[in-house]
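**Student:** Structure: target15.cif, mmCIF, N, CA, C and O atoms and all ligand atoms.
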data_target
loop_
_atom_site.label_atom_id
_atom_site.label_comp_id
_atom_site.auth_asym_id
_atom_site.auth_seq_id
_atom_site.Cartn_x
_atom_site.Cartn_y
_atom_site.Cartn_z
N MET A 1 15.28 81.79 -2.41
CA MET A 1 14.16 81.21 -3.14
C MET A 1 14.29 79.70 -3.27
O MET A 1 13.33 78.99 -3.26
N ALA A 2 15.54 79.25 -3.40
CA ALA A 2 15.74 77.81 -3.54
C ALA A 2 16.97 77.40 -2.76
O ALA A 2 17.86 78.20 -2.54
N CYS A 3 16.98 76.15 -2.35
CA CYS A 3 18.17 75.61 -1.70
C CYS A 3 19.23 75.38 -2.76
O CYS A 3 19.03 74.62 -3.70
N VAL A 4 20.35 76.03 -2.61
CA VAL A 4 21.40 75.93 -3.63
C VAL A 4 21.92 74.51 -3.75
O VAL A 4 22.27 74.05 -4.81
N GLY A 5 21.90 73.77 -2.63
CA GLY A 5 22.43 72.42 -2.64
C GLY A 5 21.44 71.37 -3.10
O GLY A 5 21.77 70.20 -3.17
N CYS A 6 20.21 71.75 -3.41
CA CYS A 6 19.19 70.76 -3.76
C CYS A 6 18.74 70.94 -5.21
O CYS A 6 18.05 71.90 -5.54
N GLU A 7 19.10 70.01 -6.06
CA GLU A 7 18.80 70.14 -7.49
C GLU A 7 17.30 70.15 -7.75
O GLU A 7 16.82 70.88 -8.61
N ILE A 8 16.54 69.34 -7.01
CA ILE A 8 15.10 69.27 -7.24
C ILE A 8 14.44 70.61 -6.92
O ILE A 8 13.66 71.14 -7.71
N LYS A 9 14.77 71.18 -5.77
CA LYS A 9 14.19 72.47 -5.42
C LYS A 9 14.58 73.53 -6.44
O LYS A 9 13.81 74.41 -6.77
N GLU A 10 15.81 73.44 -6.94
CA GLU A 10 16.26 74.40 -7.95
C GLU A 10 15.41 74.28 -9.22
O GLU A 10 15.03 75.27 -9.81
N GLN A 11 15.09 73.04 -9.62
CA GLN A 11 14.27 72.86 -10.82
C GLN A 11 12.88 73.44 -10.61
O GLN A 11 12.34 74.09 -11.49
N VAL A 12 12.29 73.20 -9.43
CA VAL A 12 10.97 73.76 -9.15
C VAL A 12 11.04 75.28 -9.17
O VAL A 12 10.20 75.95 -9.74
N SER A 13 12.11 75.80 -8.55
CA SER A 13 12.27 77.24 -8.52
C SER A 13 12.33 77.81 -9.92
O SER A 13 11.73 78.83 -10.22
N ARG A 14 13.05 77.16 -10.81
CA ARG A 14 13.19 77.63 -12.18
C ARG A 14 11.83 77.64 -12.87
O ARG A 14 11.49 78.58 -13.59
N LEU A 15 11.01 76.61 -12.61
CA LEU A 15 9.67 76.58 -13.20
C LEU A 15 8.82 77.72 -12.67
O LEU A 15 8.07 78.35 -13.40
N ASP A 16 8.94 77.99 -11.36
CA ASP A 16 8.19 79.10 -10.77
C ASP A 16 8.60 80.43 -11.41
O ASP A 16 7.75 81.26 -11.73
N VAL A 17 9.89 80.61 -11.57
CA VAL A 17 10.38 81.86 -12.17
C VAL A 17 9.89 81.97 -13.61
O VAL A 17 9.43 83.03 -14.04
N ASP A 18 9.97 80.89 -14.36
CA ASP A 18 9.52 80.93 -15.75
C ASP A 18 8.04 81.32 -15.83
O ASP A 18 7.65 82.13 -16.67
N ALA A 19 7.21 80.74 -14.95
CA ALA A 19 5.78 81.05 -14.96
C ALA A 19 5.54 82.51 -14.60
O ALA A 19 4.73 83.20 -15.23
N LEU A 20 6.27 82.99 -13.60
CA LEU A 20 6.13 84.38 -13.18
C LEU A 20 6.54 85.34 -14.29
O LEU A 20 5.84 86.32 -14.60
N VAL A 21 7.67 85.06 -14.91
CA VAL A 21 8.16 85.92 -15.99
C VAL A 21 7.20 85.88 -17.17
O VAL A 21 6.88 86.92 -17.77
N ARG A 22 6.73 84.68 -17.52
CA ARG A 22 5.79 84.56 -18.64
C ARG A 22 4.54 85.39 -18.38
O ARG A 22 4.04 86.09 -19.26
N GLU A 23 4.02 85.33 -17.16
CA GLU A 23 2.82 86.09 -16.81
C GLU A 23 3.09 87.60 -16.93
O GLU A 23 2.28 88.33 -17.52
N GLN A 24 4.22 88.04 -16.40
CA GLN A 24 4.54 89.47 -16.46
C GLN A 24 4.73 89.94 -17.91
O GLN A 24 4.32 91.03 -18.28
N LEU A 25 5.38 89.10 -18.72
CA LEU A 25 5.62 89.48 -20.11
C LEU A 25 4.33 89.54 -20.92
O LEU A 25 4.27 90.24 -21.93
N SER A 26 3.30 88.84 -20.48
CA SER A 26 2.03 88.87 -21.21
C SER A 26 1.41 90.27 -21.17
O SER A 26 0.53 90.58 -21.99
N PHE A 27 1.85 91.12 -20.25
CA PHE A 27 1.34 92.49 -20.16
C PHE A 27 2.19 93.48 -20.95
O PHE A 27 1.85 94.65 -21.06
N GLU A 28 3.30 93.01 -21.47
CA GLU A 28 4.24 93.89 -22.17
C GLU A 28 4.01 93.84 -23.68
O GLU A 28 3.64 92.79 -24.22
N ILE A 29 4.24 94.97 -24.35
CA ILE A 29 4.06 95.00 -25.80
C ILE A 29 5.38 95.18 -26.54
O ILE A 29 5.47 94.94 -27.73
N ASP A 30 6.41 95.61 -25.86
CA ASP A 30 7.66 95.94 -26.50
C ASP A 30 8.70 94.86 -26.22
O ASP A 30 9.67 95.08 -25.49
N LEU A 31 8.48 93.69 -26.82
CA LEU A 31 9.35 92.55 -26.54
C LEU A 31 10.51 92.48 -27.53
O LEU A 31 10.36 92.81 -28.72
N ALA A 32 11.65 92.02 -27.05
CA ALA A 32 12.81 91.82 -27.92
C ALA A 32 12.59 90.57 -28.77
O ALA A 32 11.85 89.66 -28.40
N GLU A 33 13.27 90.54 -29.92
CA GLU A 33 13.27 89.34 -30.75
C GLU A 33 13.87 88.19 -29.93
O GLU A 33 14.74 88.41 -29.08
N GLU A 34 13.40 86.98 -30.20
CA GLU A 34 13.90 85.81 -29.45
C GLU A 34 15.42 85.69 -29.52
O GLU A 34 16.08 85.37 -28.54
N GLU A 35 15.96 85.94 -30.73
CA GLU A 35 17.41 85.82 -30.92
C GLU A 35 18.15 86.83 -30.04
O GLU A 35 19.18 86.51 -29.43
N VAL A 36 17.63 88.03 -29.97
CA VAL A 36 18.24 89.07 -29.14
C VAL A 36 18.16 88.68 -27.67
O VAL A 36 19.14 88.77 -26.92
N ARG A 37 16.99 88.23 -27.25
CA ARG A 37 16.82 87.81 -25.86
C ARG A 37 17.80 86.69 -25.50
O ARG A 37 18.45 86.73 -24.46
N ASP A 38 17.91 85.71 -26.40
CA ASP A 38 18.80 84.58 -26.11
C ASP A 38 20.26 85.00 -26.04
O ASP A 38 21.03 84.50 -25.20
N GLN A 39 20.67 85.93 -26.92
CA GLN A 39 22.04 86.44 -26.87
C GLN A 39 22.30 87.15 -25.54
O GLN A 39 23.35 86.98 -24.91
N ARG A 40 21.33 87.93 -25.10
CA ARG A 40 21.46 88.62 -23.82
C ARG A 40 21.58 87.62 -22.67
O ARG A 40 22.44 87.78 -21.78
N LEU A 41 20.72 86.61 -22.69
CA LEU A 41 20.73 85.64 -21.60
C LEU A 41 22.02 84.82 -21.58
O LEU A 41 22.49 84.43 -20.50
N ASN A 42 22.61 84.59 -22.75
CA ASN A 42 23.91 83.90 -22.79
C ASN A 42 24.98 84.74 -22.10
O ASN A 42 25.85 84.20 -21.41
N ILE A 43 24.90 86.04 -22.27
CA ILE A 43 25.85 86.93 -21.60
C ILE A 43 25.60 86.91 -20.09
O ILE A 43 26.53 86.81 -19.29
N CYS A 44 24.34 86.97 -19.71
CA CYS A 44 24.00 86.90 -18.27
C CYS A 44 24.51 85.60 -17.64
O CYS A 44 25.00 85.62 -16.51
N ASP A 45 24.39 84.51 -18.38
CA ASP A 45 24.82 83.21 -17.84
C ASP A 45 26.30 83.20 -17.48
O ASP A 45 26.73 82.44 -16.62
N GLN A 46 27.09 84.04 -18.15
CA GLN A 46 28.55 84.10 -17.90
C GLN A 46 28.91 85.22 -16.92
O GLN A 46 30.08 85.40 -16.59
N CYS A 47 27.93 85.95 -16.47
CA CYS A 47 28.19 87.18 -15.70
C CYS A 47 28.40 86.90 -14.21
O CYS A 47 27.65 86.12 -13.61
N GLU A 48 29.34 87.58 -13.64
CA GLU A 48 29.64 87.42 -12.21
C GLU A 48 28.54 88.01 -11.32
O GLU A 48 28.49 87.73 -10.13
N HIS A 49 27.68 88.82 -11.89
CA HIS A 49 26.60 89.43 -11.10
C HIS A 49 25.32 88.59 -11.08
O HIS A 49 24.39 88.93 -10.36
N LEU A 50 25.28 87.52 -11.88
CA LEU A 50 24.08 86.69 -11.91
C LEU A 50 23.97 85.93 -10.60
O LEU A 50 24.90 85.25 -10.17
N ASN A 51 22.81 86.06 -9.95
CA ASN A 51 22.54 85.37 -8.68
C ASN A 51 21.32 84.49 -8.90
O ASN A 51 20.19 84.96 -8.77
N GLN A 52 21.56 83.24 -9.26
CA GLN A 52 20.51 82.31 -9.66
C GLN A 52 19.71 82.89 -10.83
O GLN A 52 20.17 82.83 -11.94
N HIS A 53 18.56 83.49 -10.57
CA HIS A 53 17.73 83.99 -11.66
C HIS A 53 17.72 85.51 -11.76
O HIS A 53 17.09 86.07 -12.66
N THR A 54 18.36 86.15 -10.82
CA THR A 54 18.28 87.61 -10.80
C THR A 54 19.65 88.26 -11.03
O THR A 54 20.69 87.66 -10.78
N CYS A 55 19.58 89.49 -11.47
CA CYS A 55 20.79 90.28 -11.69
C CYS A 55 21.16 90.96 -10.38
O CYS A 55 20.33 91.66 -9.78
N GLY A 56 22.39 90.79 -9.95
CA GLY A 56 22.85 91.40 -8.71
C GLY A 56 23.02 92.90 -8.81
O GLY A 56 23.12 93.59 -7.81
N LYS A 57 23.03 93.43 -10.03
CA LYS A 57 23.17 94.88 -10.23
C LYS A 57 21.84 95.61 -10.10
O LYS A 57 21.77 96.70 -9.56
N CYS A 58 20.79 95.04 -10.69
CA CYS A 58 19.50 95.76 -10.71
C CYS A 58 18.39 95.03 -9.95
O CYS A 58 17.36 95.63 -9.66
N GLY A 59 18.58 93.76 -9.66
CA GLY A 59 17.56 93.01 -8.93
C GLY A 59 16.47 92.40 -9.79
O GLY A 59 15.58 91.73 -9.27
N CYS A 60 16.53 92.65 -11.10
CA CYS A 60 15.50 92.09 -12.00
C CYS A 60 15.73 90.59 -12.23
O CYS A 60 16.87 90.12 -12.19
N PHE A 61 14.66 89.88 -12.52
CA PHE A 61 14.83 88.55 -13.12
C PHE A 61 15.45 88.79 -14.50
O PHE A 61 14.90 89.55 -15.30
N VAL A 62 16.57 88.14 -14.77
CA VAL A 62 17.24 88.41 -16.04
C VAL A 62 16.39 88.00 -17.24
O VAL A 62 16.44 88.64 -18.28
N ARG A 63 15.59 86.94 -17.09
CA ARG A 63 14.74 86.53 -18.21
C ARG A 63 13.71 87.61 -18.54
O ARG A 63 13.32 87.77 -19.70
N PHE A 64 13.26 88.32 -17.54
CA PHE A 64 12.30 89.40 -17.77
C PHE A 64 13.00 90.59 -18.43
O PHE A 64 12.57 91.07 -19.48
N ARG A 65 14.08 91.03 -17.84
CA ARG A 65 14.79 92.20 -18.36
C ARG A 65 15.27 91.98 -19.79
O ARG A 65 15.14 92.85 -20.64
N ALA A 66 15.84 90.80 -20.03
CA ALA A 66 16.40 90.52 -21.36
C ALA A 66 15.31 90.39 -22.42
O ALA A 66 15.59 90.51 -23.62
N SER A 67 14.08 90.19 -22.01
CA SER A 67 12.98 90.01 -22.96
C SER A 67 12.35 91.32 -23.41
O SER A 67 11.52 91.33 -24.31
N LEU A 68 12.74 92.41 -22.76
CA LEU A 68 12.16 93.71 -23.10
C LEU A 68 13.11 94.49 -24.02
O LEU A 68 14.27 94.71 -23.67
N GLU A 69 12.60 94.87 -25.19
CA GLU A 69 13.40 95.49 -26.23
C GLU A 69 14.24 96.67 -25.73
O GLU A 69 15.41 96.79 -26.02
N LYS A 70 13.62 97.55 -24.98
CA LYS A 70 14.30 98.81 -24.64
C LYS A 70 15.15 98.74 -23.36
O LYS A 70 15.80 99.73 -23.00
N LYS A 71 15.17 97.59 -22.71
CA LYS A 71 16.00 97.46 -21.52
C LYS A 71 17.45 97.19 -21.93
O LYS A 71 17.73 96.71 -23.02
N SER A 72 18.34 97.52 -21.02
CA SER A 72 19.75 97.23 -21.25
C SER A 72 20.36 96.69 -19.96
O SER A 72 19.76 96.77 -18.89
N CYS A 73 21.54 96.17 -20.10
CA CYS A 73 22.26 95.63 -18.94
C CYS A 73 22.76 96.79 -18.09
O CYS A 73 23.37 97.73 -18.60
N PRO A 74 22.54 96.75 -16.77
CA PRO A 74 23.01 97.83 -15.90
C PRO A 74 24.53 97.89 -15.81
O PRO A 74 25.08 98.87 -15.34
N ASP A 75 25.21 96.85 -16.32
CA ASP A 75 26.66 96.83 -16.33
C ASP A 75 27.21 96.98 -17.75
O ASP A 75 28.37 96.69 -18.01
N ARG A 76 26.33 97.41 -18.65
CA ARG A 76 26.67 97.68 -20.07
C ARG A 76 27.26 96.49 -20.80
O ARG A 76 28.15 96.63 -21.64
N LYS A 77 26.79 95.29 -20.46
CA LYS A 77 27.29 94.10 -21.15
C LYS A 77 26.43 93.75 -22.36
O LYS A 77 26.83 92.99 -23.21
N TRP A 78 25.20 94.26 -22.39
CA TRP A 78 24.36 94.12 -23.58
C TRP A 78 23.41 95.29 -23.66
O TRP A 78 23.26 96.06 -22.78
S1 LIG A 101 21.90 92.13 -16.75
FE1 LIG A 101 24.08 92.58 -17.02
S2 LIG A 101 24.92 92.79 -14.95
FE2 LIG A 101 22.94 91.75 -14.80
S3 LIG A 101 23.42 89.55 -14.82
FE3 LIG A 101 22.97 90.16 -16.93
S4 LIG A 101 24.96 90.67 -17.82
FE4 LIG A 101 25.20 90.66 -15.59
#
What do you get writing this file as structure tokens?
Ligand code: SF4

**Tutor:**
Amino acid sequence: MACVGCEIKEQVSRLDVDALVREQLSFEIDLAEEEVRDQRLNICDQCEHLNQHTCGKCGCFVRFRASLEKKSCPDRKW
């Protein structure tokens, strides 16, 4: 999705992902509390399975998965 060696492309990519996730979340009704989501994302940030914006275990955008109340980490980290 983005050139790993190019910071500018990475920033654009992050904006694209944020917009995509925001759009998808607008259809969801069962959202996690912001504090819960942020705690989950902090764990993802330290995880060896994180591949840029996606989880290497399940393939989800981590920002999307962590924002849904009933979802859990496929590696049982949250
Ligand atoms: S969802 Fe779990 S396995 Fe996937 S990146 Fe986050 S902490 Fe790692």

**Student:** Just give me the gap between atom N of Ser13 in chain A and atom C of Lys70 in chain A in Å, one decimal is fine.

**Tutor:**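 Straight-line distance from atom N of Ser13 in chain A to atom C of Lys70 in chain A works out to 27.5 Å.
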
**Student:** Could you list, as a VMD selection string, all the residues within 8 Å of ligand LIG 101 (chain A), counting only C-alpha atoms and all ligand atoms?

**Tutor:** chain A and resid 40 to 41 43 to 51 54 to 58 60 62 65 to 66 72 to 78

**Student:** DSSP on the backbone: which residues in chain A end up as strand (DSSP E)? Give the answer as a PyMOL selection string.

**Tutor:** chain A and resi 50-51+54-55

**Student:** Can you work out the spacing between CA of Asn42 in chain A and atom O of Arg63 in chain A in Å, to one decimal?

**Tutor:**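 Between CA of Asn42 in chain A and atom O of Arg63 in chain A the gap works out to 11.7 Å.
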
**Student:** Using all atoms listed in the file, which residues sit within 4.5 Å of Ala32 in chain A once same-chain residues fewer than 5 positions away are excluded, as a ChimeraX atom specification?

**Tutor:** /A:67-69

**Student:** Go ahead and compute the interatomic distance for CA of Phe64 in chain A and CA of Glu23 in chain A, in Å to one decimal.

**Tutor:** 10.1 Å

**Student:** Output as a ChimeraX atom specification all residues of chain A that backbone DSSP marks as helix (DSSP H, G or I).

**Tutor:** /A:7-25,34-45,62-66

**Student:** Limited to N, CA, C and O atoms, could you put the picked residues into a file as a compact mmCIF listing (two decimals), keeping the file's coordinate frame?

**Tutor:**
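New file result-v6.txt:
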# COMPACT_ATOMS: atom_id res chain seq x y z
N GLU A 7 19.10 70.01 -6.06
CA GLU A 7 18.80 70.14 -7.49
C GLU A 7 17.30 70.15 -7.75
O GLU A 7 16.82 70.88 -8.61
N ILE A 8 16.54 69.34 -7.01
CA ILE A 8 15.10 69.27 -7.24
C ILE A 8 14.44 70.61 -6.92
O ILE A 8 13.66 71.14 -7.71
N LYS A 9 14.77 71.18 -5.77
CA LYS A 9 14.19 72.47 -5.42
C LYS A 9 14.58 73.53 -6.44
O LYS A 9 13.81 74.41 -6.77
N GLU A 10 15.81 73.44 -6.94
CA GLU A 10 16.26 74.40 -7.95
C GLU A 10 15.41 74.28 -9.22
O GLU A 10 15.03 75.27 -9.81
N GLN A 11 15.09 73.04 -9.62
CA GLN A 11 14.27 72.86 -10.82
C GLN A 11 12.88 73.44 -10.61
O GLN A 11 12.34 74.09 -11.49
N VAL A 12 12.29 73.20 -9.43
CA VAL A 12 10.97 73.76 -9.15
C VAL A 12 11.04 75.28 -9.17
O VAL A 12 10.20 75.95 -9.74
N SER A 13 12.11 75.80 -8.55
CA SER A 13 12.27 77.24 -8.52
C SER A 13 12.33 77.81 -9.92
O SER A 13 11.73 78.83 -10.22
N ARG A 14 13.05 77.16 -10.81
CA ARG A 14 13.19 77.63 -12.18
C ARG A 14 11.83 77.64 -12.87
O ARG A 14 11.49 78.58 -13.59
N LEU A 15 11.01 76.61 -12.61
CA LEU A 15 9.67 76.58 -13.20
C LEU A 15 8.82 77.72 -12.67
O LEU A 15 8.07 78.35 -13.40
N ASP A 16 8.94 77.99 -11.36
CA ASP A 16 8.19 79.10 -10.77
C ASP A 16 8.60 80.43 -11.41
O ASP A 16 7.75 81.26 -11.73
N VAL A 17 9.89 80.61 -11.57
CA VAL A 17 10.38 81.86 -12.17
C VAL A 17 9.89 81.97 -13.61
O VAL A 17 9.43 83.03 -14.04
N ASP A 18 9.97 80.89 -14.36
CA ASP A 18 9.52 80.93 -15.75
C ASP A 18 8.04 81.32 -15.83
O ASP A 18 7.65 82.13 -16.67
N ALA A 19 7.21 80.74 -14.95
CA ALA A 19 5.78 81.05 -14.96
C ALA A 19 5.54 82.51 -14.60
O ALA A 19 4.73 83.20 -15.23
N LEU A 20 6.27 82.99 -13.60
CA LEU A 20 6.13 84.38 -13.18
C LEU A 20 6.54 85.34 -14.29
O LEU A 20 5.84 86.32 -14.60
N VAL A 21 7.67 85.06 -14.91
CA VAL A 21 8.16 85.92 -15.99
C VAL A 21 7.20 85.88 -17.17
O VAL A 21 6.88 86.92 -17.77
N ARG A 22 6.73 84.68 -17.52
CA ARG A 22 5.79 84.56 -18.64
C ARG A 22 4.54 85.39 -18.38
O ARG A 22 4.04 86.09 -19.26
N GLU A 23 4.02 85.33 -17.16
CA GLU A 23 2.82 86.09 -16.81
C GLU A 23 3.09 87.60 -16.93
O GLU A 23 2.28 88.33 -17.52
N GLN A 24 4.22 88.04 -16.40
CA GLN A 24 4.54 89.47 -16.46
C GLN A 24 4.73 89.94 -17.91
O GLN A 24 4.32 91.03 -18.28
N LEU A 25 5.38 89.10 -18.72
CA LEU A 25 5.62 89.48 -20.11
C LEU A 25 4.33 89.54 -20.92
O LEU A 25 4.27 90.24 -21.93
N GLU A 34 13.40 86.98 -30.20
CA GLU A 34 13.90 85.81 -29.45
C GLU A 34 15.42 85.69 -29.52
O GLU A 34 16.08 85.37 -28.54
N GLU A 35 15.96 85.94 -30.73
CA GLU A 35 17.41 85.82 -30.92
C GLU A 35 18.15 86.83 -30.04
O GLU A 35 19.18 86.51 -29.43
N VAL A 36 17.63 88.03 -29.97
CA VAL A 36 18.24 89.07 -29.14
C VAL A 36 18.16 88.68 -27.67
O VAL A 36 19.14 88.77 -26.92
N ARG A 37 16.99 88.23 -27.25
CA ARG A 37 16.82 87.81 -25.86
C ARG A 37 17.80 86.69 -25.50
O ARG A 37 18.45 86.73 -24.46
N ASP A 38 17.91 85.71 -26.40
CA ASP A 38 18.80 84.58 -26.11
C ASP A 38 20.26 85.00 -26.04
O ASP A 38 21.03 84.50 -25.20
N GLN A 39 20.67 85.93 -26.92
CA GLN A 39 22.04 86.44 -26.87
C GLN A 39 22.30 87.15 -25.54
O GLN A 39 23.35 86.98 -24.91
N ARG A 40 21.33 87.93 -25.10
CA ARG A 40 21.46 88.62 -23.82
C ARG A 40 21.58 87.62 -22.67
O ARG A 40 22.44 87.78 -21.78
N LEU A 41 20.72 86.61 -22.69
CA LEU A 41 20.73 85.64 -21.60
C LEU A 41 22.02 84.82 -21.58
O LEU A 41 22.49 84.43 -20.50
N ASN A 42 22.61 84.59 -22.75
CA ASN A 42 23.91 83.90 -22.79
C ASN A 42 24.98 84.74 -22.10
O ASN A 42 25.85 84.20 -21.41
N ILE A 43 24.90 86.04 -22.27
CA ILE A 43 25.85 86.93 -21.60
C ILE A 43 25.60 86.91 -20.09
O ILE A 43 26.53 86.81 -19.29
N CYS A 44 24.34 86.97 -19.71
CA CYS A 44 24.00 86.90 -18.27
C CYS A 44 24.51 85.60 -17.64
O CYS A 44 25.00 85.62 -16.51
N ASP A 45 24.39 84.51 -18.38
CA ASP A 45 24.82 83.21 -17.84
C ASP A 45 26.30 83.20 -17.48
O ASP A 45 26.73 82.44 -16.62
N VAL A 62 16.57 88.14 -14.77
CA VAL A 62 17.24 88.41 -16.04
C VAL A 62 16.39 88.00 -17.24
O VAL A 62 16.44 88.64 -18.28
N ARG A 63 15.59 86.94 -17.09
CA ARG A 63 14.74 86.53 -18.21
C ARG A 63 13.71 87.61 -18.54
O ARG A 63 13.32 87.77 -19.70
N PHE A 64 13.26 88.32 -17.54
CA PHE A 64 12.30 89.40 -17.77
C PHE A 64 13.00 90.59 -18.43
O PHE A 64 12.57 91.07 -19.48
N ARG A 65 14.08 91.03 -17.84
CA ARG A 65 14.79 92.20 -18.36
C ARG A 65 15.27 91.98 -19.79
O ARG A 65 15.14 92.85 -20.64
N ALA A 66 15.84 90.80 -20.03
CA ALA A 66 16.40 90.52 -21.36
C ALA A 66 15.31 90.39 -22.42
O ALA A 66 15.59 90.51 -23.62
